[in-house]
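Below is target_33.pdb, which holds PDB, C-alpha atoms.
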```
ATOM      1  CA  MET A   1       0.000   0.000   0.000
ATOM      2  CA  THR A   2       1.327   3.444  -0.945
ATOM      3  CA  THR A   3       2.380   5.578   2.009
ATOM      4  CA  ARG A   4       0.160   8.612   2.509
ATOM      5  CA  PHE A   5       0.245  11.515   4.921
ATOM      6  CA  GLY A   6      -2.192  13.678   6.841
ATOM      7  CA  LEU A   7      -1.970  16.873   8.875
ATOM      8  CA  PHE A   8      -3.931  18.120  11.881
ATOM      9  CA  VAL A   9      -5.309  21.628  11.521
ATOM     10  CA  PRO A  10      -5.105  23.989  14.538
ATOM     11  CA  GLN A  11      -8.493  23.566  16.210
ATOM     12  CA  GLY A  12      -7.738  24.881  19.679
ATOM     13  CA  TRP A  13      -7.823  21.601  21.610
ATOM     14  CA  LYS A  14      -4.057  21.645  22.196
ATOM     15  CA  MET A  15      -4.033  25.391  22.930
ATOM     16  CA  ASP A  16      -2.802  25.965  19.388
ATOM     17  CA  LEU A  17      -5.023  29.006  18.732
ATOM     18  CA  ALA A  18      -4.543  30.699  22.113
ATOM     19  CA  GLN A  19      -2.352  33.512  20.804
ATOM     20  CA  ILE A  20      -5.173  34.724  18.556
ATOM     21  CA  ALA A  21      -7.825  36.691  20.455
ATOM     22  CA  ASP A  22     -10.710  36.936  18.002
ATOM     23  CA  PRO A  23     -12.610  33.663  17.403
ATOM     24  CA  VAL A  24     -13.265  34.592  13.776
ATOM     25  CA  GLU A  25      -9.535  35.073  13.245
ATOM     26  CA  GLN A  26      -8.944  31.757  15.020
ATOM     27  CA  TRP A  27     -11.316  30.057  12.588
ATOM     28  CA  GLU A  28      -9.610  31.663   9.607
ATOM     29  CA  ALA A  29      -6.198  30.511  10.900
ATOM     30  CA  MET A  30      -7.516  26.935  11.017
ATOM     31  CA  THR A  31      -8.987  27.287   7.533
ATOM     32  CA  ALA A  32      -5.741  28.737   6.174
ATOM     33  CA  VAL A  33      -3.872  25.581   7.205
ATOM     34  CA  ALA A  34      -6.558  23.411   5.600
ATOM     35  CA  LYS A  35      -6.325  25.355   2.366
ATOM     36  CA  ARG A  36      -2.523  25.188   2.332
ATOM     37  CA  ALA A  37      -2.705  21.405   2.749
ATOM     38  CA  ASP A  38      -5.320  21.266  -0.019
ATOM     39  CA  GLU A  39      -2.891  23.010  -2.377
ATOM     40  CA  GLN A  40      -0.057  20.612  -1.554
ATOM     41  CA  SER A  41       0.462  16.851  -1.691
ATOM     42  CA  TRP A  42      -1.241  15.985   1.618
ATOM     43  CA  ASP A  43      -3.798  13.196   1.439
ATOM     44  CA  SER A  44      -5.828  14.454   4.398
ATOM     45  CA  ILE A  45      -6.459  17.009   7.114
ATOM     46  CA  TRP A  46      -7.652  16.062  10.611
ATOM     47  CA  LEU A  47      -9.536  17.341  13.638
ATOM     48  CA  PHE A  48      -9.914  16.120  17.211
ATOM     49  CA  ASP A  49     -13.359  15.367  18.645
ATOM     50  CA  HIS A  50     -13.102  17.298  21.904
ATOM     51  CA  PHE A  51     -14.848  20.217  23.614
ATOM     52  CA  HIS A  52     -12.300  21.256  26.273
ATOM     53  CA  THR A  53      -8.586  21.929  25.971
ATOM     54  CA  VAL A  54      -5.718  19.761  27.177
ATOM     55  CA  PRO A  55      -3.687  19.229  29.297
ATOM     56  CA  GLU A  56      -6.269  20.963  31.510
ATOM     57  CA  PRO A  57      -9.719  22.331  30.687
ATOM     58  CA  SER A  58      -9.334  26.079  30.188
ATOM     59  CA  ASP A  59     -11.308  29.061  28.958
ATOM     60  CA  ASN A  60      -9.872  28.811  25.472
ATOM     61  CA  THR A  61     -11.352  28.009  22.091
ATOM     62  CA  THR A  62     -11.934  24.442  20.977
ATOM     63  CA  PHE A  63     -13.965  24.279  17.762
ATOM     64  CA  GLU A  64     -16.521  21.448  17.559
ATOM     65  CA  CYS A  65     -15.280  18.643  15.369
ATOM     66  CA  TRP A  66     -18.173  17.754  13.065
ATOM     67  CA  THR A  67     -19.253  21.349  12.473
ATOM     68  CA  ALA A  68     -15.680  22.166  11.501
ATOM     69  CA  THR A  69     -15.430  19.059   9.320
ATOM     70  CA  ALA A  70     -18.502  20.085   7.347
ATOM     71  CA  ALA A  71     -17.265  23.644   6.926
ATOM     72  CA  LEU A  72     -13.772  22.579   5.851
ATOM     73  CA  ALA A  73     -15.335  20.193   3.347
ATOM     74  CA  ARG A  74     -16.652  23.257   1.531
ATOM     75  CA  ASP A  75     -13.498  25.335   2.049
ATOM     76  CA  THR A  76     -11.316  22.745   0.316
ATOM     77  CA  GLN A  77     -11.497  20.960  -3.022
ATOM     78  CA  ARG A  78      -9.221  17.914  -2.983
ATOM     79  CA  VAL A  79      -7.915  16.887   0.411
ATOM     80  CA  ASN A  80      -9.696  14.243   2.511
ATOM     81  CA  ILE A  81     -11.024  15.316   5.935
ATOM     82  CA  GLY A  82     -11.105  13.133   9.045
ATOM     83  CA  GLN A  83     -11.566  13.030  12.815
ATOM     84  CA  MET A  84      -9.060  11.388  15.127
ATOM     85  CA  VAL A  85     -11.352  10.174  16.424
ATOM     86  CA  GLY A  86     -15.090  10.716  16.819
ATOM     87  CA  CYS A  87     -16.157   9.973  20.400
ATOM     88  CA  ASN A  88     -18.918   7.387  20.536
ATOM     89  CA  GLY A  89     -20.298   8.799  23.785
ATOM     90  CA  TYR A  90     -21.023  12.233  22.299
ATOM     91  CA  ARG A  91     -23.523  11.221  19.612
ATOM     92  CA  ASN A  92     -26.096   8.511  19.216
ATOM     93  CA  PRO A  93     -24.490   6.134  16.675
ATOM     94  CA  ALA A  94     -27.466   6.329  14.331
ATOM     95  CA  LEU A  95     -27.179  10.112  14.335
ATOM     96  CA  TYR A  96     -23.418   9.781  13.849
ATOM     97  CA  ALA A  97     -24.018   7.610  10.775
ATOM     98  CA  LYS A  98     -26.468  10.152   9.353
ATOM     99  CA  ILE A  99     -24.143  13.090  10.031
ATOM    100  CA  ALA A 100     -21.212  11.300   8.405
ATOM    101  CA  SER A 101     -23.260  10.343   5.356
ATOM    102  CA  THR A 102     -24.297  13.969   4.918
ATOM    103  CA  VAL A 103     -20.769  15.321   5.306
ATOM    104  CA  ASP A 104     -19.423  12.710   2.899
ATOM    105  CA  VAL A 105     -21.807  14.038   0.254
ATOM    106  CA  ALA A 106     -20.936  17.652   1.091
ATOM    107  CA  SER A 107     -17.250  16.809   0.595
ATOM    108  CA  HIS A 108     -17.922  14.857  -2.627
ATOM    109  CA  GLY A 109     -16.665  11.646  -1.028
ATOM    110  CA  ARG A 110     -13.665  13.023   0.867
ATOM    111  CA  LEU A 111     -14.675  12.040   4.400
ATOM    112  CA  TYR A 112     -12.575   9.829   6.675
ATOM    113  CA  ALA A 113     -15.100   9.166   9.433
ATOM    114  CA  GLY A 114     -13.302   8.510  12.703
ATOM    115  CA  ILE A 115     -14.804   6.658  15.671
ATOM    116  CA  GLY A 116     -13.500   5.567  19.060
ATOM    117  CA  ALA A 117     -14.724   4.769  22.556
ATOM    118  CA  GLY A 118     -13.652   8.084  24.150
ATOM    119  CA  TRP A 119     -11.558   8.806  27.245
ATOM    120  CA  TYR A 120     -11.721  12.454  28.445
ATOM    121  CA  GLU A 121     -13.733  11.982  31.660
ATOM    122  CA  HIS A 122     -13.959  15.647  32.638
ATOM    123  CA  GLU A 123     -15.377  16.545  29.247
ATOM    124  CA  TRP A 124     -18.052  13.830  29.343
ATOM    125  CA  LYS A 125     -19.281  14.945  32.746
ATOM    126  CA  ALA A 126     -19.172  18.659  31.937
ATOM    127  CA  TYR A 127     -21.396  18.161  28.900
ATOM    128  CA  GLY A 128     -23.814  15.879  30.723
ATOM    129  CA  TYR A 129     -22.806  12.534  29.217
ATOM    130  CA  GLU A 130     -22.840   9.522  31.502
ATOM    131  CA  TRP A 131     -19.292   8.425  32.321
ATOM    132  CA  THR A 132     -18.972   4.666  32.700
ATOM    133  CA  ASP A 133     -16.257   2.146  33.481
ATOM    134  CA  VAL A 134     -14.134   0.797  30.658
ATOM    135  CA  LYS A 135     -16.028  -2.467  30.180
ATOM    136  CA  PRO A 136     -19.498  -0.988  29.509
ATOM    137  CA  ARG A 137     -17.957   1.885  27.542
ATOM    138  CA  MET A 138     -16.234  -0.584  25.230
ATOM    139  CA  ALA A 139     -19.380  -2.721  24.960
ATOM    140  CA  ALA A 140     -21.346   0.364  23.898
ATOM    141  CA  PHE A 141     -18.607   1.197  21.389
ATOM    142  CA  ARG A 142     -18.839  -2.307  19.935
ATOM    143  CA  GLU A 143     -22.595  -1.994  19.421
ATOM    144  CA  ALA A 144     -22.258   1.512  17.993
ATOM    145  CA  THR A 145     -19.684   0.456  15.408
ATOM    146  CA  GLU A 146     -21.970  -2.305  14.168
ATOM    147  CA  ILE A 147     -24.887   0.130  13.913
ATOM    148  CA  ILE A 148     -22.826   2.679  11.977
ATOM    149  CA  HIS A 149     -21.593   0.029   9.555
ATOM    150  CA  ARG A 150     -25.054  -1.408   8.993
ATOM    151  CA  MET A 151     -26.627   2.001   8.424
ATOM    152  CA  TRP A 152     -24.060   2.591   5.705
ATOM    153  CA  THR A 153     -24.366  -0.835   4.083
ATOM    154  CA  GLU A 154     -27.960  -2.013   4.620
ATOM    155  CA  ASP A 155     -31.468  -0.698   4.050
ATOM    156  CA  ARG A 156     -33.528  -0.157   7.230
ATOM    157  CA  PRO A 157     -31.352  -2.280   9.535
ATOM    158  CA  VAL A 158     -32.606  -3.471  12.909
ATOM    159  CA  VAL A 159     -30.260  -3.837  15.892
ATOM    160  CA  GLN A 160     -31.411  -4.495  19.449
ATOM    161  CA  GLY A 161     -28.450  -3.996  21.742
ATOM    162  CA  LYS A 162     -27.988  -3.448  25.435
ATOM    163  CA  TYR A 163     -26.658   0.089  24.966
ATOM    164  CA  HIS A 164     -27.775   1.100  21.467
ATOM    165  CA  SER A 165     -30.672   0.044  19.260
ATOM    166  CA  ILE A 166     -32.104   0.973  15.868
ATOM    167  CA  ASP A 167     -35.435   0.003  14.365
ATOM    168  CA  GLY A 168     -35.338   0.333  10.609
ATOM    169  CA  PRO A 169     -33.855   3.823  10.106
ATOM    170  CA  ILE A 170     -33.783   5.158   6.557
ATOM    171  CA  ASN A 171     -30.303   6.530   5.919
ATOM    172  CA  LEU A 172     -30.237   8.050   2.453
ATOM    173  CA  PRO A 173     -27.978   8.925   0.926
ATOM    174  CA  LYS A 174     -25.513   6.589   2.563
ATOM    175  CA  GLY A 175     -22.657   8.715   1.281
ATOM    176  CA  ALA A 176     -21.283  10.252  -1.882
ATOM    177  CA  GLY A 177     -22.293   8.096  -4.849
ATOM    178  CA  ASN A 178     -24.511   6.279  -2.328
ATOM    179  CA  LYS A 179     -21.413   4.414  -1.135
ATOM    180  CA  LYS A 180     -20.413   4.253   2.505
ATOM    181  CA  PRO A 181     -17.841   6.657   3.971
ATOM    182  CA  SER A 182     -14.415   5.392   4.950
ATOM    183  CA  LEU A 183     -14.473   4.291   8.612
ATOM    184  CA  TRP A 184     -11.331   4.977  10.683
ATOM    185  CA  ILE A 185     -11.289   3.287  14.088
ATOM    186  CA  GLY A 186      -8.911   4.707  16.692
ATOM    187  CA  GLY A 187      -7.255   2.795  19.510
ATOM    188  CA  GLY A 188      -5.145  -0.297  20.021
ATOM    189  CA  GLY A 189      -7.190  -2.450  22.381
ATOM    190  CA  PRO A 190      -6.508  -6.034  21.309
ATOM    191  CA  GLN A 191      -9.808  -7.659  22.262
ATOM    192  CA  VAL A 192     -12.361  -5.051  21.185
ATOM    193  CA  THR A 193     -10.968  -2.185  19.113
ATOM    194  CA  LEU A 194      -8.648  -4.075  16.787
ATOM    195  CA  LYS A 195     -11.228  -6.806  16.289
ATOM    196  CA  LEU A 196     -13.749  -4.122  15.299
ATOM    197  CA  VAL A 197     -11.216  -2.836  12.773
ATOM    198  CA  ALA A 198     -10.981  -6.314  11.260
ATOM    199  CA  GLN A 199     -14.776  -6.590  11.167
ATOM    200  CA  TYR A 200     -15.828  -3.139  10.011
ATOM    201  CA  GLY A 201     -12.934  -0.719   9.627
ATOM    202  CA  ASP A 202     -11.282   0.724   6.563
ATOM    203  CA  ALA A 203      -8.413   2.026   8.680
ATOM    204  CA  ALA A 204      -6.900   1.791  12.163
ATOM    205  CA  ASN A 205      -5.030   4.483  14.057
ATOM    206  CA  ILE A 206      -2.479   3.012  16.450
ATOM    207  CA  GLY A 207       0.815   3.450  18.158
ATOM    208  CA  GLY A 208       1.348   7.185  18.461
ATOM    209  CA  GLY A 209       4.388   6.853  16.201
ATOM    210  CA  ASN A 210       6.086   4.345  18.538
ATOM    211  CA  PRO A 211       7.577   1.561  16.381
ATOM    212  CA  GLU A 212       7.387  -1.085  19.121
ATOM    213  CA  VAL A 213       3.713  -0.398  19.771
ATOM    214  CA  ILE A 214       2.910  -0.268  16.064
ATOM    215  CA  ARG A 215       4.621  -3.613  15.501
ATOM    216  CA  GLU A 216       2.690  -5.216  18.361
ATOM    217  CA  LYS A 217      -0.704  -3.834  17.329
ATOM    218  CA  VAL A 218      -0.487  -4.623  13.636
ATOM    219  CA  ALA A 219       0.378  -8.218  14.537
ATOM    220  CA  VAL A 220      -2.793  -8.424  16.650
ATOM    221  CA  LEU A 221      -4.810  -6.868  13.844
ATOM    222  CA  LYS A 222      -3.462  -9.352  11.313
ATOM    223  CA  ASP A 223      -4.398 -12.227  13.605
ATOM    224  CA  HIS A 224      -7.977 -10.940  13.858
ATOM    225  CA  CYS A 225      -8.117 -10.535  10.083
ATOM    226  CA  ASP A 226      -6.865 -14.077   9.512
ATOM    227  CA  LYS A 227      -9.497 -15.491  11.883
ATOM    228  CA  LEU A 228     -12.311 -13.485  10.283
ATOM    229  CA  GLY A 229     -11.204 -14.011   6.686
ATOM    230  CA  ARG A 230     -10.554 -10.278   6.190
ATOM    231  CA  ASP A 231      -7.855  -9.051   3.822
ATOM    232  CA  TYR A 232      -5.333  -7.448   6.179
ATOM    233  CA  ASP A 233      -3.717  -5.508   3.345
ATOM    234  CA  SER A 234      -7.019  -3.776   2.571
ATOM    235  CA  ILE A 235      -6.913  -1.971   5.931
ATOM    236  CA  ILE A 236      -4.962   1.266   6.332
ATOM    237  CA  LYS A 237      -2.611   1.216   9.334
ATOM    238  CA  SER A 238      -2.154   4.820  10.432
ATOM    239  CA  THR A 239      -0.177   6.371  13.250
ATOM    240  CA  GLY A 240       0.388   9.882  14.575
ATOM    241  CA  ILE A 241       3.659  11.778  14.903
ATOM    242  CA  ASN A 242       4.237  15.108  16.682
ATOM    243  CA  ALA A 243       6.760  17.254  14.849
ATOM    244  CA  PHE A 244       8.367  20.673  14.896
ATOM    245  CA  PRO A 245      11.093  21.045  12.241
ATOM    246  CA  ILE A 246      14.110  23.239  12.941
ATOM    247  CA  ASP A 247      17.416  23.773  11.178
ATOM    248  CA  LYS A 248      20.543  22.026  12.383
ATOM    249  CA  GLY A 249      22.204  24.105  15.080
ATOM    250  CA  ASP A 250      19.088  26.172  15.890
ATOM    251  CA  ASP A 251      18.293  26.929  19.513
ATOM    252  CA  PRO A 252      15.027  24.980  20.035
ATOM    253  CA  LYS A 253      13.594  27.638  22.354
ATOM    254  CA  LEU A 254      14.238  30.487  19.949
ATOM    255  CA  ALA A 255      13.008  28.452  16.999
ATOM    256  CA  THR A 256       9.739  27.612  18.739
ATOM    257  CA  ASP A 257       8.975  30.879  20.517
ATOM    258  CA  ARG A 258       6.111  31.776  18.191
ATOM    259  CA  ALA A 259       4.494  28.345  18.572
ATOM    260  CA  ARG A 260       4.759  28.110  22.333
ATOM    261  CA  GLY A 261       2.033  30.259  23.771
ATOM    262  CA  PRO A 262       0.269  28.293  26.532
ATOM    263  CA  LEU A 263       1.090  24.973  24.836
ATOM    264  CA  ASP A 264       2.221  22.244  27.236
ATOM    265  CA  TRP A 265       5.617  22.465  25.613
ATOM    266  CA  ASP A 266       7.566  20.367  28.075
ATOM    267  CA  ARG A 267       5.258  17.416  27.479
ATOM    268  CA  PHE A 268       5.385  17.933  23.732
ATOM    269  CA  SER A 269       9.155  18.221  23.504
ATOM    270  CA  ASN A 270      10.043  15.404  25.888
ATOM    271  CA  ASP A 271       9.653  12.982  23.003
ATOM    272  CA  ASN A 272      12.381  14.785  21.049
ATOM    273  CA  ASN A 273       9.860  16.215  18.605
ATOM    274  CA  ILE A 274      11.824  19.428  18.016
ATOM    275  CA  GLU A 275      14.260  18.203  15.403
ATOM    276  CA  THR A 276      15.695  18.646  11.952
ATOM    277  CA  GLU A 277      13.823  17.379   8.925
ATOM    278  CA  ASP A 278      16.372  14.576   8.523
ATOM    279  CA  GLU A 279      15.734  13.463  12.111
ATOM    280  CA  LEU A 280      11.983  13.603  11.553
ATOM    281  CA  ALA A 281      12.394  11.503   8.425
ATOM    282  CA  LEU A 282      14.141   8.828  10.470
ATOM    283  CA  ARG A 283      11.179   8.668  12.856
ATOM    284  CA  VAL A 284       8.778   8.342   9.930
ATOM    285  CA  GLU A 285      10.919   5.595   8.429
ATOM    286  CA  ALA A 286      10.910   3.679  11.719
ATOM    287  CA  ALA A 287       7.107   3.850  11.952
ATOM    288  CA  LEU A 288       6.730   2.603   8.395
ATOM    289  CA  GLU A 289       9.177  -0.233   8.923
ATOM    290  CA  ALA A 290       7.153  -1.285  11.998
ATOM    291  CA  GLY A 291       4.026  -1.706   9.884
ATOM    292  CA  ALA A 292       2.333   1.682   9.526
ATOM    293  CA  ASP A 293       1.480   2.828   6.025
ATOM    294  CA  TYR A 294      -0.142   6.164   6.840
ATOM    295  CA  VAL A 295       1.279   8.963   9.021
ATOM    296  CA  ILE A 296      -0.676  11.882  10.461
ATOM    297  CA  PHE A 297       1.414  14.818  11.710
ATOM    298  CA  TYR A 298       0.517  17.204  14.499
ATOM    299  CA  VAL A 299       2.650  20.346  14.142
ATOM    300  CA  PRO A 300       2.216  23.068  16.800
ATOM    301  CA  GLY A 301       2.569  26.589  15.523
ATOM    302  CA  VAL A 302       1.001  26.136  12.077
ATOM    303  CA  ALA A 303      -1.712  28.648  13.008
ATOM    304  CA  TYR A 304       1.011  31.299  13.146
ATOM    305  CA  ASP A 305       3.484  30.056  10.535
ATOM    306  CA  LEU A 306       2.292  28.274   7.396
ATOM    307  CA  ASN A 307       5.914  27.651   6.468
ATOM    308  CA  LEU A 308       5.842  24.798   8.994
ATOM    309  CA  VAL A 309       3.276  23.035   6.811
ATOM    310  CA  ASP A 310       5.637  23.370   3.853
ATOM    311  CA  ARG A 311       8.608  21.992   5.785
ATOM    312  CA  VAL A 312       6.820  18.917   7.079
ATOM    313  CA  GLU A 313       5.347  18.299   3.635
ATOM    314  CA  GLN A 314       8.892  18.117   2.240
ATOM    315  CA  VAL A 315       9.636  15.340   4.723
ATOM    316  CA  ALA A 316       6.461  13.487   3.753
ATOM    317  CA  LYS A 317       7.320  13.749   0.060
ATOM    318  CA  ARG A 318      10.484  11.740   0.655
ATOM    319  CA  PHE A 319       8.261   8.691   1.218
ATOM    320  CA  SER A 320       5.487   9.311  -1.290
TER
END
```
Show me the file's structure as structure tokens.
Amino acid sequence: MTTRFGLFVPQGWKMDLAQIADPVEQWEAMTAVAKRADEQSWDSIWLFDHFHTVPEPSDNTTFECWTATAALARDTQRVNIGQMVGCNGYRNPALYAKIASTVDVASHGRLYAGIGAGWYEHEWKAYGYEWTDVKPRMAAFREATEIIHRMWTEDRPVVQGKYHSIDGPINLPKGAGNKKPSLWIGGGGPQVTLKLVAQYGDAANIGGGNPEVIREKVAVLKDHCDKLGRDYDSIIKSTGINAFPIDKGDDPKLATDRARGPLDWDRFSNDNNIETEDELALRVEAALEAGADYVIFYVPGVAYDLNLVDRVEQVAKRFS
């Protein structure tokens, strides 16, 4: 499978719009990154499905994921648009399926619909969603994924689950060309998440760029595929890499001053993510050798410096 690359737009969740005061200007900064990626060789742009900032909830902008996805679908012409990943707890899965089908049409078939079980406890409780233990949360996620898949592939499906049920919903159109959207399932849980990928997913997102984790998870995924008779090679294996390119010999603090703002920079940079393009290329190569075939970059500072998009794209083009 050909290696492809995606890029997160600055959405506010990681405090990456905090140096811009006006929310309209914040939105336009996000859109500017999306449009730059659309003009270049990127396969996709990405958003997070969160309402409150990290590492701590703060009174700063976080744009809602699906609203932004729909808007960016009309602000761009070529690039695919995805969520890493949609939180199952935030939307009834039947509604999720309908929303995704609509956005896929609005984008002319460019949607990468992301789904996952969710994890940000504070956010769930603040917005009035019931927070549950891992076991029931994963069971609900399992039922939801089946419902989403069946609403995209069947007419008036019926599912009676413990956590989610549908009774013959009409979901038309199912997507652009009346074909289902591409389903990206996030997480590396071996018993539930990766099995759901083998059953229903078009792509998995695993490993956080760590070669050892990627290697372990893709092996589990292949085992599930073999048992279910699914073609392992038909599934995209994506991973995420944080990156901030600098020139050799640059002082990292001076080079990143504009991007810092209130960003949790110590946490970001502890993984040696401030590096030259050659060093970044080595990390990409290691992830690909471990079994990933799709890399999604998060680059802090792109809201303030579009040149960072250009620099990371040059690294990606070495592998395309």
Spatial neighbours of region 97-99 of chain A, 8 Å, only C-alpha atoms, chain gap at least 5 places, as a PyMOL selection string:
chain A and resi 148+151-152+171+174
For the file shown, what are the residues hit by the PyMOL selection byres ((chain A and resi 286-291) around 6), laid out as a PyMOL selection string?
chain A and resi 209+211+214-215+283-285+292-293
Written file, previous selection with C-alpha atoms, as a short mmCIF file (atom, residue, chain, number, x, y, z; two decimals), keeping the file's coordinate frame:
```
data_model
loop_
_atom_site.label_atom_id
_atom_site.label_comp_id
_atom_site.auth_asym_id
_atom_site.auth_seq_id
_atom_site.Cartn_x
_atom_site.Cartn_y
_atom_site.Cartn_z
CA GLY A 209 4.39 6.85 16.20
CA PRO A 211 7.58 1.56 16.38
CA ILE A 214 2.91 -0.27 16.06
CA ARG A 215 4.62 -3.61 15.50
CA ARG A 283 11.18 8.67 12.86
CA VAL A 284 8.78 8.34 9.93
CA GLU A 285 10.92 5.60 8.43
CA ALA A 292 2.33 1.68 9.53
CA ASP A 293 1.48 2.83 6.02
#
```
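Every residue that the PyMOL selection byres ((chain A and resi 205) around 8) selects in this file is listed here: A:Trp184, A:Ile185, A:Gly186, A:Gly187, A:Gly188, A:Ala203, A:Ala204, A:Ile206, A:Gly207, A:Lys237, A:Ser238, A:Thr239, A:Gly240.
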What would the selection look like, as a PyMOL selection string, if the PyMOL selection byres ((chain A and resi 27) around 10) were run on the coordinates I just shared?
chain A and resi 10-12+17+20+22-26+28-32+61+63+68+303
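Put simply, CA of Asp104 (chain A) is 24.4 Å away from CA of Ala140 (chain A).
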